[in-house]
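Single-structure report; data block below.
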Amino acid sequence: MPTMTRFATRTALAAAAIASCAALTPAWASSHREAPFITTSPKVDGTDFYMFMSYESGRTDHVTLIANYQPLQDAYGGPNYFKLDPNALYEIHIDNNGDAVEDITFQFRFNNTLANAGKGVELDIGGSMVAIPLTQAGAVSAVSDPNLNVAETYGVTVVRGDRRKGSRAALSKASGGSTTFQKPVDYIGDKTLGNSAAYEAYAAQHVHTVNIPGCAMPAKVFVGQRQEGFAVNLGPIFDLVNATPAQILNPSLKNAFAASSIQDKNVTTMALEVHKSCLTAGSDPVVGGWTTASVRQARLMAAAPAAGHQTSDKNGGAWVQVSRLGNPLVNEVVIGLRDKDKFNTSKPKDDLQFATYVTNPTLPALLGLVLANNTAALAPTNFPRTDLVATFLTGITGLNRPANLTAASEQLRLNTGVPAVAVGSQNRLGAAGAILAAGSVGGATDLAGFPNGRRPKDDVVDIALVATIGGLCAINEAIDSTNKNGLALSSVVVPRVGTLTSDCTTASLSALAKDTNFGNHGVNMLPNAANVHDGADQAAVTFLTRFPYLNTPNSGSTPQQ
């Protein structure tokens, strides 16, 4: 075979891994309504978790942590909108020594307080003072604006060690020392809060510079409504991938279905920006992270609630975790239906109980079934799936595997030693896209993307689609033509299990996954495994280039069409 042909073939096969190296698990969307129980409790439903080196100028030694909750918000959802639950505990956890147990936890608790000493804003109606029915009594533009009928505030506690038994200390404002932080009201509409620029200016007043006890560097915190940033063709995907193979295999159509994405929705964001030295331990730059939400074990409903705000229930007992999210869509499309609630209540240290979902995943077979009426049409044959085990349970050697990994677990892992990349130079397909472009890990110019953390612009859906049908194994071979193991994915050491091996090469890919002619779209000669996409391009979504990075939410009176 001529040299150029061999190179082109290796490059084409490597492209099949674009999404794999950047994906810990097969994923279609962020984690919206992913388990039976959590659909009944949207206020504690975690939708996305981001963790990345900040790329705002002057902040590149910091790590941004973003946890989104309350999925698929319609901007016009008044009059109560989407306040967070004062009876819930929202947490972001950091494991900095590879043992699958939290070492640092940031806990968020919320208060929603009626104005006027708990009576709410009242108007004189015919000589009687009567409470108004709305969240606001006029235009709003300032922190703690007097026209707000409900003040939304919160506190943040850092816990070192066990999340329930460790040492605790409150974060405080760098100016004044207060431990109470204000949250902006949701984007009710243009008359109340002005146009998009005015709302963003209002929201920016709620970015607080804070001191974290035990950390020498100041941090930032923000909680507030943001535009849904996850690009996904959600409806057709869950309708058995309701698209033709020609549509989802043609790279020129990678954003053809953007109108079906969910950017017309909002979410509620909890964001922290912390200096990396305050998260790492010792000389290992790798940290793992995930977010959880918990509620009290008991809830008693009042038959005749008192006047006030959210007085209908009394909550007590121990905290019970009901939501968990690290990598996107693990619970939604990887974990079996019977175990989804169980996964949401689990801790990373116990993740080997779910290992079969990773070593023998069902999603590749389902894709083959709905696209080609054959469960084997797209599914790789390298069982156990060491490519997914490495990225999902241990981290990838040389990229984001902890130096002293003692427990396999599902976490979003970030190597804080990898420098941030400016937004204009980020590879939309994350670390694997950069590896493909360079032909090696060492030569890659952007290793700061998924699965080495996750940035807003990383197209984890397209990345993960490729991963499910064996792209990691293609790149594993393509960047090391001699040993065919450039990412060390054919042999993975799993703590408490031993060494798992498989033939993680292009030999494990199905014929359809390797085919360069199916669909006859004539755009490129890359295999189907490299061209598969969901038709909604993450790189086309608008984000801020500064903390908190996620975009201004949709207005309730002029929502995005």
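In the structure tokens, chains take letters A, B, ... by order of appearance, with residues numbered from 1 within each chain and ligands from 1 in the order shown.
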Which residues come within 10 Å of Trp290 of chain A, counting only C-alpha atoms, excluding same-chain residues fewer than 6 positions away, as a PDB file with C-alpha atoms, in the first residue's frame?
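Below is the file result_34.pdb, written as the result:
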ATOM      1  CA  ASP A  48     -24.765  18.649  33.874  1.00  0.00           C
ATOM      2  CA  PHE A  49     -21.421  18.796  35.622  1.00  0.00           C
ATOM      3  CA  TYR A  50     -18.467  20.701  34.173  1.00  0.00           C
ATOM      4  CA  MET A  51     -14.923  20.845  35.531  1.00  0.00           C
ATOM      5  CA  LEU A  65     -16.713  23.772  38.728  1.00  0.00           C
ATOM      6  CA  ILE A  66     -20.279  24.009  37.429  1.00  0.00           C
ATOM      7  CA  ALA A  67     -23.246  21.950  38.604  1.00  0.00           C
ATOM      8  CA  GLU A  91     -22.933  19.361  46.826  1.00  0.00           C
ATOM      9  CA  ILE A  92     -19.828  19.348  44.633  1.00  0.00           C
ATOM     10  CA  HIS A  93     -17.267  16.735  45.645  1.00  0.00           C
ATOM     11  CA  ILE A  94     -13.533  16.495  44.922  1.00  0.00           C
ATOM     12  CA  ASP A  95     -11.423  13.325  45.237  1.00  0.00           C
ATOM     13  CA  GLU A 102     -14.496  12.762  48.665  1.00  0.00           C
ATOM     14  CA  THR A 105     -16.955  18.974  49.448  1.00  0.00           C
ATOM     15  CA  ARG A 324     -25.511  11.951  41.337  1.00  0.00           C
ATOM     16  CA  LEU A 325     -23.684  13.180  38.251  1.00  0.00           C
ATOM     17  CA  GLY A 326     -20.057  13.113  37.134  1.00  0.00           C
ATOM     18  CA  ASN A 327     -19.691  12.368  33.433  1.00  0.00           C
ATOM     19  CA  PRO A 348     -18.114   6.264  43.729  1.00  0.00           C
ATOM     20  CA  GLU A 410     -17.066   6.899  37.840  1.00  0.00           C
ATOM     21  CA  GLN A 411     -15.898  10.490  38.195  1.00  0.00           C
ATOM     22  CA  LEU A 412     -15.133  13.372  35.874  1.00  0.00           C
ATOM     23  CA  ARG A 413     -11.320  13.534  36.096  1.00  0.00           C
TER      24      ARG A 413
END
Would you return as a ChimeraX atom specification the members of segment 268-371 of chain A that DSSP assigns to strand (DSSP E or B) on this structure's backbone?
-> /A:268-275,281,284,286-301,313-325
So, counting only C-alpha atoms, which residue among A:Ser508, A:Gln263, A:Thr468, A:Asn116 is closest to Asp74 of chain A?
-> A:Gln263
Those of segment 89-227 of chain A in DSSP helix (DSSP H, G or I), formatted as a VMD selection string | chain A and resid 190 to 193 196 to 204
With all heavy atoms retained, export the selected residues as an mmCIF file, in the first residue's frame.
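Ended up saving to again.cif:
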data_model
loop_
_atom_site.group_PDB
_atom_site.id
_atom_site.type_symbol
_atom_site.label_atom_id
_atom_site.label_comp_id
_atom_site.auth_asym_id
_atom_site.auth_seq_id
_atom_site.Cartn_x
_atom_site.Cartn_y
_atom_site.Cartn_z
ATOM 1 N N ASP A 190 -38.497 40.962 29.962
ATOM 2 C CA ASP A 190 -37.833 42.211 29.620
ATOM 3 C C ASP A 190 -38.370 43.418 30.396
ATOM 4 O O ASP A 190 -37.617 44.340 30.726
ATOM 5 C CB ASP A 190 -37.969 42.479 28.121
ATOM 6 C CG ASP A 190 -37.219 41.458 27.275
ATOM 7 O OD1 ASP A 190 -36.961 40.349 27.789
ATOM 8 O OD2 ASP A 190 -36.891 41.766 26.128
ATOM 9 N N LYS A 191 -39.655 43.442 30.687
ATOM 10 C CA LYS A 191 -40.205 44.583 31.401
ATOM 11 C C LYS A 191 -39.706 44.624 32.838
ATOM 12 O O LYS A 191 -39.447 45.697 33.389
ATOM 13 C CB LYS A 191 -41.731 44.557 31.359
ATOM 14 C CG LYS A 191 -42.364 45.824 31.923
ATOM 15 C CD LYS A 191 -43.866 45.865 31.679
ATOM 16 C CE LYS A 191 -44.466 47.181 32.163
ATOM 17 N NZ LYS A 191 -45.919 47.265 31.903
ATOM 18 N N THR A 192 -39.543 43.462 33.438
ATOM 19 C CA THR A 192 -39.065 43.405 34.821
ATOM 20 C C THR A 192 -37.564 43.613 34.916
ATOM 21 O O THR A 192 -37.081 44.322 35.803
ATOM 22 C CB THR A 192 -39.421 42.042 35.451
ATOM 23 O OG1 THR A 192 -40.840 41.898 35.485
ATOM 24 C CG2 THR A 192 -38.881 41.929 36.867
ATOM 25 N N LEU A 193 -36.793 43.026 33.975
ATOM 26 C CA LEU A 193 -35.343 42.956 34.126
ATOM 27 C C LEU A 193 -34.564 43.534 32.953
ATOM 28 O O LEU A 193 -33.332 43.472 32.941
ATOM 29 C CB LEU A 193 -34.920 41.505 34.364
ATOM 30 C CG LEU A 193 -35.287 40.975 35.756
ATOM 31 C CD1 LEU A 193 -35.610 39.490 35.714
ATOM 32 C CD2 LEU A 193 -34.172 41.253 36.745
ATOM 33 N N SER A 196 -31.506 41.363 27.253
ATOM 34 C CA SER A 196 -30.522 40.352 27.620
ATOM 35 C C SER A 196 -29.269 40.966 28.234
ATOM 36 O O SER A 196 -28.735 40.467 29.226
ATOM 37 C CB SER A 196 -30.161 39.520 26.382
ATOM 38 O OG SER A 196 -29.194 38.548 26.687
ATOM 39 N N ALA A 197 -28.784 42.063 27.671
ATOM 40 C CA ALA A 197 -27.590 42.719 28.202
ATOM 41 C C ALA A 197 -27.838 43.261 29.601
ATOM 42 O O ALA A 197 -26.967 43.188 30.482
ATOM 43 C CB ALA A 197 -27.149 43.842 27.264
ATOM 44 N N ALA A 198 -29.026 43.811 29.810
ATOM 45 C CA ALA A 198 -29.363 44.340 31.136
ATOM 46 C C ALA A 198 -29.452 43.216 32.163
ATOM 47 O O ALA A 198 -28.988 43.366 33.309
ATOM 48 C CB ALA A 198 -30.677 45.114 31.069
ATOM 49 N N TYR A 199 -30.059 42.100 31.763
ATOM 50 C CA TYR A 199 -30.141 40.988 32.715
ATOM 51 C C TYR A 199 -28.750 40.464 33.049
ATOM 52 O O TYR A 199 -28.454 40.145 34.213
ATOM 53 C CB TYR A 199 -31.017 39.845 32.187
ATOM 54 C CG TYR A 199 -31.131 38.745 33.230
ATOM 55 C CD1 TYR A 199 -32.069 38.834 34.244
ATOM 56 C CD2 TYR A 199 -30.253 37.661 33.233
ATOM 57 C CE1 TYR A 199 -32.156 37.862 35.238
ATOM 58 C CE2 TYR A 199 -30.330 36.690 34.217
ATOM 59 C CZ TYR A 199 -31.278 36.791 35.220
ATOM 60 O OH TYR A 199 -31.339 35.840 36.214
ATOM 61 N N GLU A 200 -27.864 40.372 32.043
ATOM 62 C CA GLU A 200 -26.525 39.858 32.311
ATOM 63 C C GLU A 200 -25.774 40.787 33.253
ATOM 64 O O GLU A 200 -25.027 40.325 34.132
ATOM 65 C CB GLU A 200 -25.755 39.646 31.004
ATOM 66 C CG GLU A 200 -24.446 38.898 31.182
ATOM 67 C CD GLU A 200 -24.619 37.544 31.844
ATOM 68 O OE1 GLU A 200 -25.604 36.828 31.554
ATOM 69 O OE2 GLU A 200 -23.759 37.187 32.681
ATOM 70 N N ALA A 201 -25.960 42.099 33.081
ATOM 71 C CA ALA A 201 -25.328 43.053 33.993
ATOM 72 C C ALA A 201 -25.867 42.890 35.413
ATOM 73 O O ALA A 201 -25.120 42.975 36.403
ATOM 74 C CB ALA A 201 -25.557 44.481 33.500
ATOM 75 N N TYR A 202 -27.163 42.633 35.522
ATOM 76 C CA TYR A 202 -27.779 42.379 36.830
ATOM 77 C C TYR A 202 -27.226 41.085 37.437
ATOM 78 O O TYR A 202 -26.819 41.053 38.607
ATOM 79 C CB TYR A 202 -29.295 42.306 36.662
ATOM 80 C CG TYR A 202 -30.032 41.658 37.800
ATOM 81 C CD1 TYR A 202 -30.171 42.294 39.020
ATOM 82 C CD2 TYR A 202 -30.610 40.392 37.626
ATOM 83 C CE1 TYR A 202 -30.867 41.685 40.069
ATOM 84 C CE2 TYR A 202 -31.302 39.785 38.659
ATOM 85 C CZ TYR A 202 -31.424 40.433 39.885
ATOM 86 O OH TYR A 202 -32.097 39.836 40.912
ATOM 87 N N ALA A 203 -27.168 40.029 36.640
ATOM 88 C CA ALA A 203 -26.665 38.751 37.141
ATOM 89 C C ALA A 203 -25.205 38.855 37.564
ATOM 90 O O ALA A 203 -24.780 38.236 38.561
ATOM 91 C CB ALA A 203 -26.835 37.669 36.078
ATOM 92 N N ALA A 204 -24.406 39.644 36.820
ATOM 93 C CA ALA A 204 -22.981 39.775 37.122
ATOM 94 C C ALA A 204 -22.746 40.388 38.500
ATOM 95 O O ALA A 204 -21.692 40.158 39.116
ATOM 96 C CB ALA A 204 -22.297 40.606 36.043
#
Determine the nearest neighbour of Asp284 of chain A from the options A:Pro380, A:Gly118, A:Gly98, A:Gly235, counting only C-alpha atoms.
-> A:Gly98
Do a neighbour search on segment 479-490 of chain A at 7 Å with only C-alpha atoms, toss out local chain neighbours closer than 5 positions, and write the hits as a PyMOL selection string.
-> chain A and resi 386-387+390+397+439-440+501-505
Saved selection, atoms kept: C-alpha atoms, as a tab-separated table (two decimals), in the first residue's frame:
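Saved to part11.tsv:
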chain	number	residue	atom	x	y	z
A	386	THR	CA	-11.09	-1.97	28.21
A	387	ASP	CA	-11.35	1.27	26.25
A	390	ALA	CA	-9.97	3.06	31.25
A	397	THR	CA	-2.85	6.64	31.42
A	439	GLY	CA	-0.90	12.09	15.39
A	440	SER	CA	0.28	11.58	18.96
A	501	THR	CA	-7.15	-7.20	28.56
A	502	SER	CA	-8.83	-7.02	25.18
A	503	ASP	CA	-7.92	-6.52	21.53
A	504	CYS	CA	-8.56	-2.77	21.53
A	505	THR	CA	-7.65	-2.23	17.87
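Minimum atom-to-atom distance to Ala219 of chain A, evaluated using only C-alpha atoms, belongs to A:His62 out of A:Lys342, A:Arg299, A:His62, A:His206.
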Within 12 Å of Pro285 of chain A, counting only C-alpha atoms, which residues qualify if same-chain residues fewer than 4 places away don't, as a list in words?
-> Met53, Asp61, Val63, Asp95, Asn96, Asn97, Gly98, Lys276, Ser277, Cys278, Leu279, Thr280, Ala281, Gly398, Leu399, Asn400, Arg401, Pro402, Ala403, Asn404, Arg413, Leu414, Asn415, Thr416, Gly417, Val418, Pro419 and Asn452 of chain A
Write the residues of the selection above to a file with N, CA and C atoms, as a short mmCIF file (atom, residue, chain, number, x, y, z; two decimals), in the first residue's frame.
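Produced file result_4.cif, reproduced below:
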data_model
loop_
_atom_site.label_atom_id
_atom_site.label_comp_id
_atom_site.auth_asym_id
_atom_site.auth_seq_id
_atom_site.Cartn_x
_atom_site.Cartn_y
_atom_site.Cartn_z
N MET A 53 -10.08 23.72 33.45
CA MET A 53 -9.17 24.83 33.74
C MET A 53 -9.77 26.10 33.13
N ASP A 61 -4.91 29.59 36.15
CA ASP A 61 -4.47 28.70 37.22
C ASP A 61 -5.63 28.27 38.10
N VAL A 63 -9.59 26.44 38.59
CA VAL A 63 -10.49 25.40 38.10
C VAL A 63 -11.92 25.89 38.26
N ASP A 95 -12.30 14.41 44.78
CA ASP A 95 -11.42 13.33 45.24
C ASP A 95 -10.03 13.64 44.69
N ASN A 96 -9.07 13.91 45.57
CA ASN A 96 -7.75 14.31 45.09
C ASN A 96 -6.64 13.31 45.40
N ASN A 97 -7.01 12.07 45.77
CA ASN A 97 -5.98 11.06 46.01
C ASN A 97 -6.29 9.69 45.41
N GLY A 98 -7.30 9.61 44.56
CA GLY A 98 -7.55 8.40 43.81
C GLY A 98 -8.20 7.26 44.56
N LYS A 276 -6.28 26.04 41.60
CA LYS A 276 -6.01 24.61 41.53
C LYS A 276 -5.25 24.11 42.76
N SER A 277 -4.43 24.96 43.37
CA SER A 277 -3.67 24.54 44.55
C SER A 277 -4.57 24.23 45.73
N CYS A 278 -5.80 24.73 45.70
CA CYS A 278 -6.75 24.49 46.78
C CYS A 278 -7.54 23.21 46.59
N LEU A 279 -7.35 22.53 45.46
CA LEU A 279 -8.08 21.30 45.17
C LEU A 279 -7.17 20.08 45.13
N THR A 280 -5.93 20.24 44.70
CA THR A 280 -5.03 19.10 44.55
C THR A 280 -4.39 18.74 45.88
N ALA A 281 -3.79 17.53 45.92
CA ALA A 281 -3.08 17.07 47.11
C ALA A 281 -1.71 16.55 46.70
N GLY A 398 -1.45 8.60 31.27
CA GLY A 398 -0.77 9.69 30.60
C GLY A 398 -1.64 10.92 30.37
N LEU A 399 -2.92 10.82 30.70
CA LEU A 399 -3.82 11.96 30.52
C LEU A 399 -4.45 12.37 31.84
N ASN A 400 -5.26 11.49 32.43
CA ASN A 400 -5.95 11.88 33.66
C ASN A 400 -6.16 10.72 34.63
N ARG A 401 -5.31 9.71 34.57
CA ARG A 401 -5.36 8.66 35.58
C ARG A 401 -4.58 9.13 36.81
N PRO A 402 -5.18 9.06 38.02
CA PRO A 402 -4.46 9.47 39.22
C PRO A 402 -3.19 8.66 39.43
N ALA A 403 -2.19 9.31 40.00
CA ALA A 403 -0.89 8.66 40.20
C ALA A 403 -0.99 7.48 41.14
N ASN A 404 -1.88 7.56 42.13
CA ASN A 404 -2.00 6.47 43.10
C ASN A 404 -3.45 6.01 43.17
N ARG A 413 -12.70 13.33 35.64
CA ARG A 413 -11.32 13.53 36.10
C ARG A 413 -10.65 14.65 35.30
N LEU A 414 -9.88 15.48 36.02
CA LEU A 414 -9.20 16.62 35.41
C LEU A 414 -7.75 16.64 35.84
N ASN A 415 -6.86 16.71 34.86
CA ASN A 415 -5.44 16.91 35.12
C ASN A 415 -5.19 18.41 35.14
N THR A 416 -5.03 18.96 36.33
CA THR A 416 -4.87 20.41 36.46
C THR A 416 -3.50 20.88 35.98
N GLY A 417 -2.61 19.94 35.66
CA GLY A 417 -1.31 20.30 35.10
C GLY A 417 -1.35 20.57 33.62
N VAL A 418 -2.46 20.22 32.96
CA VAL A 418 -2.63 20.50 31.53
C VAL A 418 -3.13 21.93 31.39
N PRO A 419 -2.43 22.77 30.65
CA PRO A 419 -2.82 24.19 30.59
C PRO A 419 -4.15 24.41 29.88
N ASN A 452 -10.63 14.84 29.72
CA ASN A 452 -9.81 15.51 30.73
C ASN A 452 -10.58 16.71 31.23
#
Of A:Gln538, A:Asn147, A:Ser261, A:Thr209, the one sitting nearest Asp462 of chain A when using only C-alpha atoms is A:Gln538
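Checking A:Ala432, A:Val492, A:Ala231, A:Val421 one by one against Asn255 of chain A, counting only C-alpha atoms, you find the shortest gap at A:Ala231.
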From A:Val460, A:Ala474, A:Val441, A:Val274, residue lying nearest Arg59 of chain A [only C-alpha atoms] = A:Val274
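The spacing separating atom CA of Arg226 of chain A from atom CA of Val334 of chain A amounts to 27.1 Å.
Between atom CA of Tyr69 of chain A and atom CA of Thr545 of chain A the interatomic distance comes to 21.5 Å.
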Please provide the set of residues having any atom within 12 Å of Gly308 of chain A, restricted to only C-alpha atoms, with same-chain residues fewer than 4 positions apart removed, written as an NGL selection string.
-> :A and (112-121 or 131 or 149-150 or 312-313)
Hey, can you spit out that residue selection with N, CA, C and O atoms as a CSV table (one decimal), in the first residue's frame?
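New file result29.csv:
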chain,number,residue,atom,x,y,z
A,112,ASN,N,-35.3,30.9,50.8
A,112,ASN,CA,-36.3,31.8,50.0
A,112,ASN,C,-37.2,32.5,51.0
A,112,ASN,O,-38.0,31.8,51.7
A,113,THR,N,-37.0,33.8,51.2
A,113,THR,CA,-37.6,34.5,52.3
A,113,THR,C,-38.6,35.6,51.7
A,113,THR,O,-38.2,36.5,50.9
A,114,LEU,N,-39.8,35.6,52.2
A,114,LEU,CA,-40.8,36.6,51.8
A,114,LEU,C,-40.4,37.9,52.4
A,114,LEU,O,-39.9,38.1,53.5
A,115,ALA,N,-40.6,39.0,51.6
A,115,ALA,CA,-40.3,40.3,52.0
A,115,ALA,C,-41.3,40.7,53.1
A,115,ALA,O,-42.3,40.0,53.4
A,116,ASN,N,-41.1,41.9,53.7
A,116,ASN,CA,-42.0,42.5,54.6
A,116,ASN,C,-42.2,41.6,55.8
A,116,ASN,O,-43.3,41.3,56.2
A,117,ALA,N,-41.1,41.2,56.4
A,117,ALA,CA,-41.1,40.3,57.6
A,117,ALA,C,-41.9,39.1,57.4
A,117,ALA,O,-42.6,38.6,58.4
A,118,GLY,N,-41.8,38.5,56.2
A,118,GLY,CA,-42.5,37.2,56.0
A,118,GLY,C,-43.9,37.3,55.5
A,118,GLY,O,-44.6,36.3,55.2
A,119,LYS,N,-44.4,38.6,55.4
A,119,LYS,CA,-45.8,38.7,55.0
A,119,LYS,C,-45.9,38.9,53.5
A,119,LYS,O,-46.9,38.8,52.9
A,120,GLY,N,-44.7,39.3,52.8
A,120,GLY,CA,-44.7,39.6,51.4
A,120,GLY,C,-45.1,41.0,51.1
A,120,GLY,O,-45.6,41.7,52.0
A,121,VAL,N,-44.8,41.4,49.9
A,121,VAL,CA,-45.2,42.8,49.5
A,121,VAL,C,-46.7,42.9,49.6
A,121,VAL,O,-47.5,42.0,49.0
A,131,ALA,N,-51.6,41.0,50.3
A,131,ALA,CA,-50.4,40.4,49.7
A,131,ALA,C,-50.5,40.2,48.2
A,131,ALA,O,-51.6,39.7,47.7
A,149,ASN,N,-40.3,40.3,45.8
A,149,ASN,CA,-41.2,39.8,46.8
A,149,ASN,C,-40.6,38.6,47.6
A,149,ASN,O,-41.0,38.3,48.7
A,150,VAL,N,-39.6,37.9,47.0
A,150,VAL,CA,-38.9,36.8,47.6
A,150,VAL,C,-37.4,37.0,47.4
A,150,VAL,O,-36.9,37.2,46.3
A,312,SER,N,-45.8,24.1,53.4
A,312,SER,CA,-46.7,22.9,53.4
A,312,SER,C,-46.0,21.6,53.9
A,312,SER,O,-46.7,20.6,54.1
A,313,ASP,N,-44.7,21.6,54.1
A,313,ASP,CA,-44.1,20.4,54.5
A,313,ASP,C,-43.0,20.6,55.6
A,313,ASP,O,-42.4,21.7,55.7
